[in-house]
>>> print(open('input-v5.cif').read())   # mmCIF, C-alpha atoms and all ligand atoms
data_input
loop_
_atom_site.label_atom_id
_atom_site.label_comp_id
_atom_site.auth_asym_id
_atom_site.auth_seq_id
_atom_site.Cartn_x
_atom_site.Cartn_y
_atom_site.Cartn_z
CA MET M 29 0.23 -15.58 -33.56
CA LYS M 30 3.69 -15.61 -35.15
CA LYS M 31 3.02 -12.14 -36.62
CA ILE M 32 1.92 -10.74 -33.26
CA LEU M 33 5.02 -12.16 -31.59
CA CYS M 34 7.24 -10.57 -34.24
CA ALA M 35 5.55 -7.17 -33.85
CA LEU M 36 6.02 -7.40 -30.08
CA LEU M 37 9.70 -8.18 -30.50
CA VAL M 38 10.19 -5.21 -32.86
CA ALA M 39 8.39 -2.89 -30.45
CA LEU M 40 10.44 -4.23 -27.53
CA SER M 41 13.69 -3.73 -29.37
CA ALA M 42 12.63 -0.15 -30.30
CA ILE M 43 11.89 0.60 -26.64
CA THR M 44 15.19 -0.92 -25.49
CA HIS M 45 17.02 1.06 -28.18
CA ALA M 46 15.19 4.24 -27.18
CA ASN M 47 16.10 3.72 -23.54
CA SER M 48 19.75 2.97 -24.16
CA THR M 49 20.57 5.51 -26.89
CA PRO M 50 21.53 8.97 -25.63
CA THR M 51 18.96 11.36 -27.01
CA LEU M 52 18.43 15.07 -27.58
CA ASN M 53 15.16 16.74 -28.60
CA ILE M 54 15.71 19.94 -30.55
CA TYR M 55 12.95 22.34 -31.63
CA ASN M 56 14.41 25.02 -33.92
CA TRP M 57 13.41 27.47 -36.64
CA SER M 58 13.11 25.82 -40.04
CA GLU M 59 16.21 25.97 -42.25
CA TYR M 60 18.33 27.05 -39.31
CA LEU M 61 20.65 24.02 -38.91
CA PRO M 62 22.28 22.33 -41.92
CA ASP M 63 21.72 18.57 -42.16
CA ASP M 64 25.44 17.81 -42.37
CA VAL M 65 26.14 19.75 -39.16
CA LEU M 66 23.40 17.84 -37.37
CA ALA M 67 24.80 14.57 -38.73
CA GLN M 68 28.30 15.48 -37.52
CA PHE M 69 26.99 16.23 -34.03
CA GLN M 70 25.31 12.84 -33.86
CA GLN M 71 28.35 11.07 -35.21
CA GLU M 72 30.85 12.82 -32.89
CA THR M 73 28.77 12.44 -29.75
CA GLY M 74 26.72 9.31 -30.35
CA ILE M 75 23.68 11.33 -29.29
CA HIS M 76 20.59 10.65 -31.35
CA VAL M 77 18.73 13.87 -32.18
CA ASN M 78 14.99 14.16 -32.64
CA TYR M 79 14.81 17.34 -34.65
CA SER M 80 11.67 19.34 -35.37
CA THR M 81 11.05 22.86 -36.62
CA TYR M 82 8.71 25.84 -36.36
CA ASP M 83 8.25 29.05 -38.32
CA SER M 84 7.25 31.54 -35.66
CA ASN M 85 7.98 32.34 -32.05
CA GLU M 86 4.26 32.16 -31.38
CA THR M 87 4.17 28.50 -32.47
CA LEU M 88 7.12 27.60 -30.24
CA TYR M 89 5.62 29.46 -27.29
CA ALA M 90 2.14 27.97 -27.74
CA LYS M 91 3.56 24.46 -27.93
CA LEU M 92 5.60 24.82 -24.74
CA LYS M 93 2.72 26.52 -22.95
CA ALA M 94 0.23 23.84 -23.96
CA ASN M 95 2.57 21.07 -22.91
CA PRO M 96 5.34 22.05 -20.48
CA GLU M 97 6.40 18.38 -20.47
CA ALA M 98 6.78 18.33 -24.26
CA GLY M 99 10.28 16.93 -23.80
CA TYR M 100 12.29 19.52 -25.74
CA ASP M 101 15.90 20.00 -24.62
CA ILE M 102 16.85 22.87 -26.94
CA VAL M 103 14.69 25.69 -28.29
CA VAL M 104 15.66 28.86 -30.18
CA PRO M 105 13.38 31.80 -29.35
CA SER M 106 14.06 35.35 -30.57
CA THR M 107 14.85 38.26 -28.23
CA TYR M 108 11.29 39.21 -27.30
CA PHE M 109 10.27 35.62 -26.62
CA VAL M 110 13.41 34.97 -24.55
CA ASP M 111 12.24 37.86 -22.41
CA ARG M 112 8.69 36.51 -22.13
CA MET M 113 9.77 32.94 -21.49
CA ILE M 114 12.19 33.99 -18.75
CA ARG M 115 9.46 36.02 -17.07
CA GLU M 116 7.06 33.11 -17.27
CA LYS M 117 9.70 30.75 -15.85
CA MET M 118 9.68 28.56 -18.94
CA LEU M 119 13.49 28.37 -19.26
CA ILE M 120 16.17 27.02 -16.96
CA PRO M 121 19.18 29.12 -15.92
CA LEU M 122 22.30 28.02 -17.77
CA ASP M 123 25.40 26.79 -15.98
CA LYS M 124 28.02 28.88 -17.77
CA THR M 125 30.86 26.80 -16.33
CA LYS M 126 29.70 24.10 -18.73
CA LEU M 127 29.89 26.35 -21.80
CA VAL M 128 33.43 25.86 -23.04
CA HIS M 129 33.25 28.14 -26.10
CA PHE M 130 31.20 30.98 -24.64
CA ASN M 131 34.09 33.40 -25.22
CA ASN M 132 33.75 32.91 -28.97
CA LEU M 133 30.63 35.09 -28.87
CA ASN M 134 30.77 38.72 -29.95
CA PRO M 135 30.57 40.73 -26.68
CA ALA M 136 28.53 43.41 -28.50
CA LEU M 137 25.70 40.88 -28.77
CA LEU M 138 25.75 39.73 -25.15
CA ASN M 139 24.04 41.06 -22.03
CA LYS M 140 21.13 42.61 -23.90
CA ASN M 141 18.02 43.82 -22.07
CA PHE M 142 16.00 40.72 -22.85
CA ASP M 143 18.50 38.60 -20.86
CA PRO M 144 20.90 41.02 -19.14
CA TYR M 145 23.58 38.46 -18.17
CA ASN M 146 22.80 35.74 -20.70
CA ASN M 147 21.77 33.58 -17.82
CA TYR M 148 19.14 31.87 -19.97
CA SER M 149 20.06 32.33 -23.62
CA ILE M 150 23.01 31.95 -25.95
CA PRO M 151 22.95 33.91 -29.23
CA TYR M 152 22.75 31.42 -32.13
CA LEU M 153 21.99 33.33 -35.36
CA SER M 154 20.84 36.80 -36.24
CA SER M 155 18.21 37.44 -38.90
CA SER M 156 17.18 40.79 -40.33
CA THR M 157 13.82 41.61 -41.85
CA GLY M 158 13.92 43.65 -45.01
CA ILE M 159 12.53 44.03 -48.49
CA ALA M 160 13.15 41.51 -51.26
CA TYR M 161 12.60 42.30 -54.90
CA ASN M 162 13.47 40.90 -58.29
CA ASP M 163 15.33 43.42 -60.44
CA ASN M 164 13.96 41.80 -63.59
CA TYR M 165 10.69 43.48 -62.65
CA PHE M 166 11.69 46.56 -60.65
CA THR M 167 14.59 48.90 -61.30
CA LYS M 168 17.58 48.36 -59.04
CA GLY M 169 17.72 50.97 -56.28
CA SER M 170 14.10 52.08 -56.77
CA ILE M 171 12.93 50.47 -53.50
CA THR M 172 14.68 51.75 -50.39
CA ARG M 173 12.11 51.94 -47.56
CA TRP M 174 9.02 50.21 -46.20
CA THR M 175 6.80 53.11 -47.29
CA ASP M 176 7.69 52.28 -50.91
CA LEU M 177 5.67 49.06 -50.66
CA TRP M 178 2.46 51.12 -50.63
CA GLN M 179 3.13 52.35 -54.21
CA GLN M 180 0.44 51.42 -56.70
CA ARG M 181 2.94 49.77 -59.05
CA PHE M 182 3.12 46.82 -56.63
CA SER M 183 -0.61 46.06 -56.89
CA GLY M 184 -1.27 42.37 -56.08
CA GLN M 185 2.41 41.47 -55.92
CA LEU M 186 3.68 41.59 -52.34
CA LEU M 187 4.72 38.71 -50.15
CA ILE M 188 4.04 39.63 -46.54
CA LEU M 189 5.65 37.58 -43.77
CA ASP M 190 3.01 35.67 -41.85
CA ASP M 191 4.49 36.79 -38.56
CA VAL M 192 2.45 39.11 -36.42
CA ARG M 193 5.20 41.29 -34.98
CA GLU M 194 7.08 41.48 -38.29
CA VAL M 195 4.00 42.73 -40.14
CA PHE M 196 3.23 45.33 -37.50
CA SER M 197 6.90 46.34 -37.18
CA MET M 198 6.89 47.18 -40.88
CA ALA M 199 3.69 49.21 -40.54
CA LEU M 200 4.84 51.00 -37.37
CA LEU M 201 8.20 51.87 -38.91
CA SER M 202 6.48 53.19 -42.02
CA LEU M 203 4.54 55.52 -39.71
CA ASN M 204 7.69 56.53 -37.87
CA ASP M 205 6.53 54.77 -34.70
CA SER M 206 8.47 52.24 -32.63
CA PRO M 207 8.11 48.63 -33.81
CA ASN M 208 7.88 47.82 -30.11
CA SER M 209 4.89 50.05 -29.49
CA THR M 210 2.37 48.89 -26.92
CA ASP M 211 0.21 51.98 -27.41
CA PRO M 212 -3.26 50.80 -28.57
CA GLN M 213 -3.75 53.93 -30.67
CA GLN M 214 -0.44 53.44 -32.53
CA ILE M 215 -1.25 49.77 -33.07
CA ALA M 216 -4.69 50.73 -34.40
CA ASN M 217 -3.03 53.24 -36.75
CA ALA M 218 -0.63 50.52 -37.93
CA TYR M 219 -3.60 48.26 -38.61
CA ALA M 220 -5.32 51.03 -40.57
CA THR M 221 -2.24 51.57 -42.72
CA LEU M 222 -1.93 47.81 -43.30
CA VAL M 223 -5.53 47.79 -44.56
CA THR M 224 -4.46 50.32 -47.19
CA LEU M 225 -1.60 47.99 -48.17
CA LEU M 226 -3.93 45.03 -48.84
CA PRO M 227 -4.54 45.83 -52.55
CA ASN M 228 -0.80 45.29 -53.06
CA VAL M 229 -0.66 42.01 -51.11
CA LYS M 230 -0.44 38.73 -52.99
CA LEU M 231 0.10 36.35 -50.08
CA PHE M 232 1.07 35.92 -46.44
CA ASN M 233 3.78 33.31 -45.92
CA ASP M 234 6.69 32.55 -43.63
CA GLU M 235 7.44 28.92 -44.48
CA ALA M 236 8.54 28.96 -48.10
CA VAL M 237 9.76 32.52 -48.62
CA LYS M 238 12.99 31.57 -50.39
CA ALA M 239 11.24 29.25 -52.87
CA ILE M 240 8.46 31.77 -53.51
CA TYR M 241 10.97 34.42 -54.62
CA ILE M 242 13.11 31.93 -56.57
CA ASP M 243 10.03 30.60 -58.40
CA ASP M 244 8.85 34.14 -59.20
CA ASP M 245 5.63 33.47 -57.30
CA ALA M 246 6.27 36.84 -55.68
CA THR M 247 8.55 39.51 -57.11
CA VAL M 248 8.61 41.93 -54.18
CA GLY M 249 7.79 41.97 -50.49
CA MET M 250 9.10 41.22 -47.03
CA ALA M 251 11.78 38.63 -46.27
CA TRP M 252 14.31 37.42 -43.76
CA SER M 253 17.91 38.10 -44.80
CA GLY M 254 19.07 34.46 -44.88
CA ASP M 255 16.30 33.42 -47.26
CA ILE M 256 17.31 36.14 -49.70
CA TYR M 257 21.04 35.50 -49.30
CA LEU M 258 20.34 31.94 -50.50
CA ALA M 259 17.73 33.01 -53.08
CA ASN M 260 20.26 35.47 -54.52
CA HIS M 261 22.70 32.58 -55.02
CA ALA M 262 20.04 30.71 -56.99
CA ASN M 263 18.97 33.80 -58.95
CA SER M 264 21.18 36.89 -58.80
CA HIS M 265 18.24 39.14 -59.77
CA ILE M 266 16.72 38.68 -56.29
CA GLN M 267 17.86 41.60 -54.14
CA PHE M 268 17.61 42.41 -50.45
CA VAL M 269 17.13 45.91 -49.04
CA TYR M 270 17.78 46.99 -45.45
CA PRO M 271 15.02 49.65 -45.31
CA GLN M 272 16.08 53.24 -44.68
CA ASP M 273 13.12 53.72 -42.31
CA GLY M 274 14.52 51.02 -39.96
CA TYR M 275 14.27 47.26 -39.75
CA ILE M 276 14.04 44.41 -37.25
CA ILE M 277 17.19 42.58 -36.32
CA ALA M 278 16.54 39.38 -34.40
CA LEU M 279 18.93 37.55 -32.17
CA ASP M 280 17.62 34.01 -32.16
CA SER M 281 19.05 32.37 -29.07
CA ILE M 282 19.50 28.86 -27.78
CA ALA M 283 17.73 28.13 -24.51
CA ILE M 284 16.88 25.07 -22.46
CA PRO M 285 13.20 24.76 -21.55
CA LYS M 286 12.09 23.85 -18.06
CA ASN M 287 11.68 20.08 -17.67
CA ALA M 288 14.22 19.32 -20.41
CA PRO M 289 14.86 15.59 -19.99
CA HIS M 290 18.41 15.44 -21.42
CA LEU M 291 20.35 18.28 -19.82
CA ALA M 292 23.88 16.93 -20.32
CA ASN M 293 23.15 16.35 -24.01
CA ALA M 294 21.74 19.86 -24.33
CA TYR M 295 25.05 21.27 -23.05
CA ALA M 296 26.94 19.02 -25.46
CA PHE M 297 24.91 20.51 -28.31
CA ILE M 298 25.43 24.11 -27.19
CA ASN M 299 29.17 23.52 -26.92
CA PHE M 300 29.17 21.96 -30.38
CA VAL M 301 27.40 24.88 -32.10
CA LEU M 302 29.52 27.42 -30.21
CA ARG M 303 32.65 25.96 -31.80
CA ALA M 304 34.04 28.48 -34.30
CA ASP M 305 34.26 25.97 -37.17
CA ILE M 306 30.70 24.75 -36.63
CA ALA M 307 29.17 28.21 -36.15
CA ALA M 308 30.91 29.33 -39.36
CA ARG M 309 29.36 26.45 -41.30
CA ILE M 310 25.93 27.22 -39.85
CA SER M 311 26.18 30.88 -40.88
CA GLN M 312 27.41 30.05 -44.38
CA ALA M 313 24.78 27.38 -45.05
CA THR M 314 21.79 29.27 -43.64
CA GLY M 315 22.75 32.73 -44.90
CA TYR M 316 22.28 34.31 -41.49
CA MET M 317 24.75 36.44 -39.53
CA SER M 318 26.61 34.62 -36.78
CA PRO M 319 26.98 36.24 -33.35
CA ASN M 320 30.08 34.07 -32.94
CA ALA M 321 33.05 36.40 -33.57
CA ALA M 322 35.53 33.53 -33.82
CA ALA M 323 33.34 31.93 -36.48
CA VAL M 324 33.01 35.13 -38.50
CA ALA M 325 36.82 35.37 -38.56
CA LEU M 326 36.91 31.94 -40.22
CA LEU M 327 34.44 32.81 -42.99
CA PRO M 328 35.71 33.43 -46.52
CA ALA M 329 35.98 37.18 -47.25
CA ALA M 330 33.26 36.87 -49.91
CA ILE M 331 30.79 35.92 -47.21
CA ARG M 332 32.07 38.21 -44.47
CA ASN M 333 31.76 41.12 -46.91
CA ASN M 334 28.46 40.10 -48.46
CA PRO M 335 26.07 42.98 -47.63
CA ILE M 336 22.99 40.73 -47.28
CA ILE M 337 24.42 38.44 -44.62
CA TYR M 338 26.97 40.82 -43.02
CA PRO M 339 25.80 44.43 -43.60
CA ASP M 340 28.09 47.35 -42.75
CA GLN M 341 28.07 49.16 -39.39
CA ALA M 342 25.92 52.06 -40.62
CA THR M 343 23.24 49.60 -41.77
CA LEU M 344 23.48 47.59 -38.55
CA LYS M 345 22.83 50.79 -36.59
CA ARG M 346 19.34 51.05 -38.14
CA GLY M 347 18.47 47.57 -36.80
CA ILE M 348 16.04 47.39 -33.88
CA PHE M 349 15.60 44.44 -31.51
CA GLN M 350 12.03 43.47 -30.73
CA THR M 351 10.86 43.55 -27.14
CA ASP M 352 7.94 41.65 -25.65
CA ALA M 353 4.67 43.50 -26.25
CA LYS M 354 3.28 41.96 -23.05
CA ASP M 355 -0.44 42.90 -22.68
CA ALA M 356 -0.50 44.44 -26.17
CA SER M 357 0.38 41.07 -27.74
CA ALA M 358 -3.27 40.02 -27.91
CA LEU M 359 -4.14 43.27 -29.66
CA TYR M 360 -1.49 42.64 -32.32
CA GLU M 361 -2.80 39.12 -32.82
CA LYS M 362 -6.40 40.31 -33.09
CA TYR M 363 -5.53 42.89 -35.73
CA LEU M 364 -3.45 40.42 -37.77
CA GLU M 365 -6.33 37.95 -37.86
CA ARG M 366 -8.69 40.75 -38.91
CA LEU M 367 -6.24 41.82 -41.61
CA LYS M 368 -5.86 38.33 -43.03
CA ILE M 369 -9.64 37.90 -43.17
CA ARG M 370 -9.86 41.07 -45.26
CA ALA M 371 -6.97 40.03 -47.54
N1 LIG C 1 13.95 30.32 -41.15
C1 LIG C 1 14.57 31.06 -40.08
C2 LIG C 1 13.90 32.37 -39.82
C3 LIG C 1 14.51 33.11 -38.67
C4 LIG C 1 13.69 34.25 -38.25
N2 LIG C 1 14.22 34.92 -37.14
C5 LIG C 1 13.31 35.37 -36.17
C6 LIG C 1 12.38 36.50 -36.53
C7 LIG C 1 11.54 36.91 -35.39
N3 LIG C 1 10.53 37.84 -35.69
#
>>> encode(input="input-v5.cif", output="structure tokens")
Amino acid sequence: MKKILCALLVALSAITHANSTPTLNIYNWSEYLPDDVLAQFQQETGIHVNYSTYDSNETLYAKLKANPEAGYDIVVPSTYFVDRMIREKMLIPLDKTKLVHFNNLNPALLNKNFDPYNNYSIPYLSSSTGIAYNDNYFTKGSITRWTDLWQQRFSGQLLILDDVREVFSMALLSLNDSPNSTDPQQIANAYATLVTLLPNVKLFNDEAVKAIYIDDDATVGMAWSGDIYLANHANSHIQFVYPQDGYIIALDSIAIPKNAPHLANAYAFINFVLRADIAARISQATGYMSPNAAAVALLPAAIRNNPIIYPDQATLKRGIFQTDAKDASALYEKYLERLKIRA
């Protein structure tokens, strides 16, 4: 009886605590917010954060679709999913009068087609998808484009990102087609060329890419820039290539989902990460490019001039934003599943 009473008291105190503590529920990409930055936010604001992560836009989207009352206050979809989620009325319009550091953002990265007036999304970090390789195994400079990955010398060695649009973007670019194609014939051709890549594939992964390259579990393949920026710090033989035949540049953007229960706290968080000092720390710790111009100005020159995290203008020009594939999305998914079964 005493034990039951104690358990009840603990539960009651947890509920009381939960009700009285200001809270924020964040659902973000993995390895996209340093622990110390999150801790500082909680300490400065007194807001307790429930933080969880995902590794693909599809996972985020499926979770919100399955449960529109999931309780998230902040999510970070990429361009093409911002577009889809706006169209499907899954996001709330932002009150820009509440965004005190909005002007820190680089105007060149605002008002893009996926959200023409940034009414729903605030650029958070930008990732690029390129080729990683270890120069202990492959001569420096000998891999420059996606089509190189089909060479026989890479037999059984490639890491392929387990991300449907990334995989097909690579294949479409290697065929000189748009990575945003919705043409069933072009998508079928991309699938066919991916089938010919399978003998070179070692694994599909998007959760542990950095560790896989650092541990030499893969020596060549696809990667997101931030993972390789950090991997290169751990092992300077790990290189990143912005492919000559084009690459995907993502603008992962903060948005507030419909039914978010803690709106005021969501704005507090957005204002916090838009601060130049905070955005600079986020960029430096994650290895991803910041769309926050004031933050970039604060970064040490060694980071601002590092070609993996901040490539030059000519390289940036080859970057392509992904757009929503709309009805063709299911086709992409179907082909990826088929591909992975054959792998
Ligand atoms: N671990 C963070 C990875 C960020 C990836 N950006 C989005 C890519 C969308 N295809």
>>> closest_residue(input="input-v5.cif", among="M:Val324, M:Ala278, M:Leu226, M:Leu231", to="ligand LIG 1 (chain C)", atoms="only C-alpha atoms and all ligand atoms")
M:Ala278
>>> residues_near_ligand(input="input-v5.cif", ligand="ligand LIG 1 (chain C)", cutoff="7 Å", atoms="all atoms listed in the file", output="PyMOL selection string")
chain M and resi 57-60+83-85+106+154-155+191+193-194+252+278+280
>>> write_last_selection(input="input-v5.cif", atoms="C-alpha atoms", output="PDB file, in the coordinates of the input")
ATOM      1  CA  TRP M  57      13.410  27.470 -36.640  1.00  0.00           C
ATOM      2  CA  SER M  58      13.110  25.820 -40.040  1.00  0.00           C
ATOM      3  CA  GLU M  59      16.210  25.970 -42.250  1.00  0.00           C
ATOM      4  CA  TYR M  60      18.330  27.050 -39.310  1.00  0.00           C
ATOM      5  CA  ASP M  83       8.250  29.050 -38.320  1.00  0.00           C
ATOM      6  CA  SER M  84       7.250  31.540 -35.660  1.00  0.00           C
ATOM      7  CA  ASN M  85       7.980  32.340 -32.050  1.00  0.00           C
ATOM      8  CA  SER M 106      14.060  35.350 -30.570  1.00  0.00           C
ATOM      9  CA  SER M 154      20.840  36.800 -36.240  1.00  0.00           C
ATOM     10  CA  SER M 155      18.210  37.440 -38.900  1.00  0.00           C
ATOM     11  CA  ASP M 191       4.490  36.790 -38.560  1.00  0.00           C
ATOM     12  CA  ARG M 193       5.200  41.290 -34.980  1.00  0.00           C
ATOM     13  CA  GLU M 194       7.080  41.480 -38.290  1.00  0.00           C
ATOM     14  CA  TRP M 252      14.310  37.420 -43.760  1.00  0.00           C
ATOM     15  CA  ALA M 278      16.540  39.380 -34.400  1.00  0.00           C
ATOM     16  CA  ASP M 280      17.620  34.010 -32.160  1.00  0.00           C
TER      17      ASP M 280
END
>>> residues_around(input="input-v5.cif", residues="Ala220 (chain M)", least_positions_apart="3", cutoff="12 Å", atoms="only C-alpha atoms", output="VMD selection string")
chain M and resid 196 199 to 200 203 213 to 217 223 to 226 363 to 364 366 to 367 370
>>> closest_residue(input="input-v5.cif", among="M:Ala296, M:Leu302, M:Val65, M:Val269", to="Tyr161 (chain M)", atoms="all atoms listed in the file")
M:Val269
>>> atom_distance(input="input-v5.cif", atom1="CA of Thr314 (chain M)", atom2="CA of Ala259 (chain M)")
10.9 Å
>>> closest_residue(input="input-v5.cif", among="M:Asn95, M:Ile282, M:Ile348, M:Val229", to="Arg181 (chain M)", atoms="only C-alpha atoms")
M:Val229
>>> closest_residue(input="input-v5.cif", among="M:Asn162, M:Asn299, M:Thr51, M:Asn233", to="Val192 (chain M)", atoms="only C-alpha atoms")
M:Asn233
>>> residues_around(input="input-v5.cif", residues="Val77 (chain M)", least_positions_apart="5", cutoff="7 Å", atoms="all atoms listed in the file", output="PyMOL selection string")
chain M and resi 51-54+70
>>> write_last_selection(input="input-v5.cif", atoms="C-alpha atoms", output="mmCIF file, in the coordinates of the input")
data_model
loop_
_atom_site.group_PDB
_atom_site.id
_atom_site.type_symbol
_atom_site.label_atom_id
_atom_site.label_comp_id
_atom_site.auth_asym_id
_atom_site.auth_seq_id
_atom_site.Cartn_x
_atom_site.Cartn_y
_atom_site.Cartn_z
ATOM 1 C CA THR M 51 18.960 11.360 -27.010
ATOM 2 C CA LEU M 52 18.430 15.070 -27.580
ATOM 3 C CA ASN M 53 15.160 16.740 -28.600
ATOM 4 C CA ILE M 54 15.710 19.940 -30.550
ATOM 5 C CA GLN M 70 25.310 12.840 -33.860
#
>>> closest_residue(input="input-v5.cif", among="M:Tyr108, M:Phe130, M:Tyr148, M:Phe232", to="Lys354 (chain M)", atoms="only C-alpha atoms")
M:Tyr108
>>> closest_residue(input="input-v5.cif", among="M:Pro105, M:Gly158, M:Pro50, M:Pro212", to="Asn78 (chain M)", atoms="only C-alpha atoms")
M:Pro50
>>> residues_around(input="input-v5.cif", residues="Leu327 (chain M)", least_positions_apart="3", cutoff="10 Å", atoms="all atoms listed in the file", output="ChimeraX atom specification")
/M:304-305,307-309,311-312,322-324,330-333
>>> write_last_selection(input="input-v5.cif", atoms="C-alpha atoms", output="compact mmCIF listing (two decimals), keeping the file's coordinate frame")
# COMPACT_ATOMS: atom_id res chain seq x y z
CA ALA M 304 34.04 28.48 -34.30
CA ASP M 305 34.26 25.97 -37.17
CA ALA M 307 29.17 28.21 -36.15
CA ALA M 308 30.91 29.33 -39.36
CA ARG M 309 29.36 26.45 -41.30
CA SER M 311 26.18 30.88 -40.88
CA GLN M 312 27.41 30.05 -44.38
CA ALA M 322 35.53 33.53 -33.82
CA ALA M 323 33.34 31.93 -36.48
CA VAL M 324 33.01 35.13 -38.50
CA ALA M 330 33.26 36.87 -49.91
CA ILE M 331 30.79 35.92 -47.21
CA ARG M 332 32.07 38.21 -44.47
CA ASN M 333 31.76 41.12 -46.91
>>> residues_around(input="input-v5.cif", residues="Asp176 (chain M)", least_positions_apart="6", cutoff="10 Å", atoms="all atoms listed in the file", output="PyMOL selection string")
chain M and resi 159+170+182+202+271
>>> residues_near_point(input="input-v5.cif", point="(23.5, 38.2, -38.3)", cutoff="12 Å", atoms="all atoms listed in the file", output="JSON, numbers by chain")
{"M": [134, 137, 151, 152, 153, 154, 155, 156, 157, 252, 253, 254, 257, 276, 277, 278, 279, 280, 281, 307, 308, 310, 311, 312, 314, 315, 316, 317, 318, 319, 320, 321, 323, 324, 331, 332, 334, 335, 336, 337, 338, 339, 340, 341, 343, 344, 347]}
>>> residues_around(input="input-v5.cif", residues="Thr107 (chain M)", least_positions_apart="4", cutoff="9 Å", atoms="all atoms listed in the file", output="PyMOL selection string")
chain M and resi 111-112+140-143+278-281+349-352
>>> atom_distance(input="input-v5.cif", atom1="CA of Ser48 (chain M)", atom2="CA of His76 (chain M)")
10.6 Å
>>> atom_distance(input="input-v5.cif", atom1="CA of Ile284 (chain M)", atom2="CA of Thr81 (chain M)")
15.5 Å
>>> residues_near_point(input="input-v5.cif", point="(1.9, 41.9, -59.4)", cutoff="12 Å", atoms="only C-alpha atoms", output="ChimeraX atom specification")
/M:161-162,165-166,177,179-187,227-231,244-249
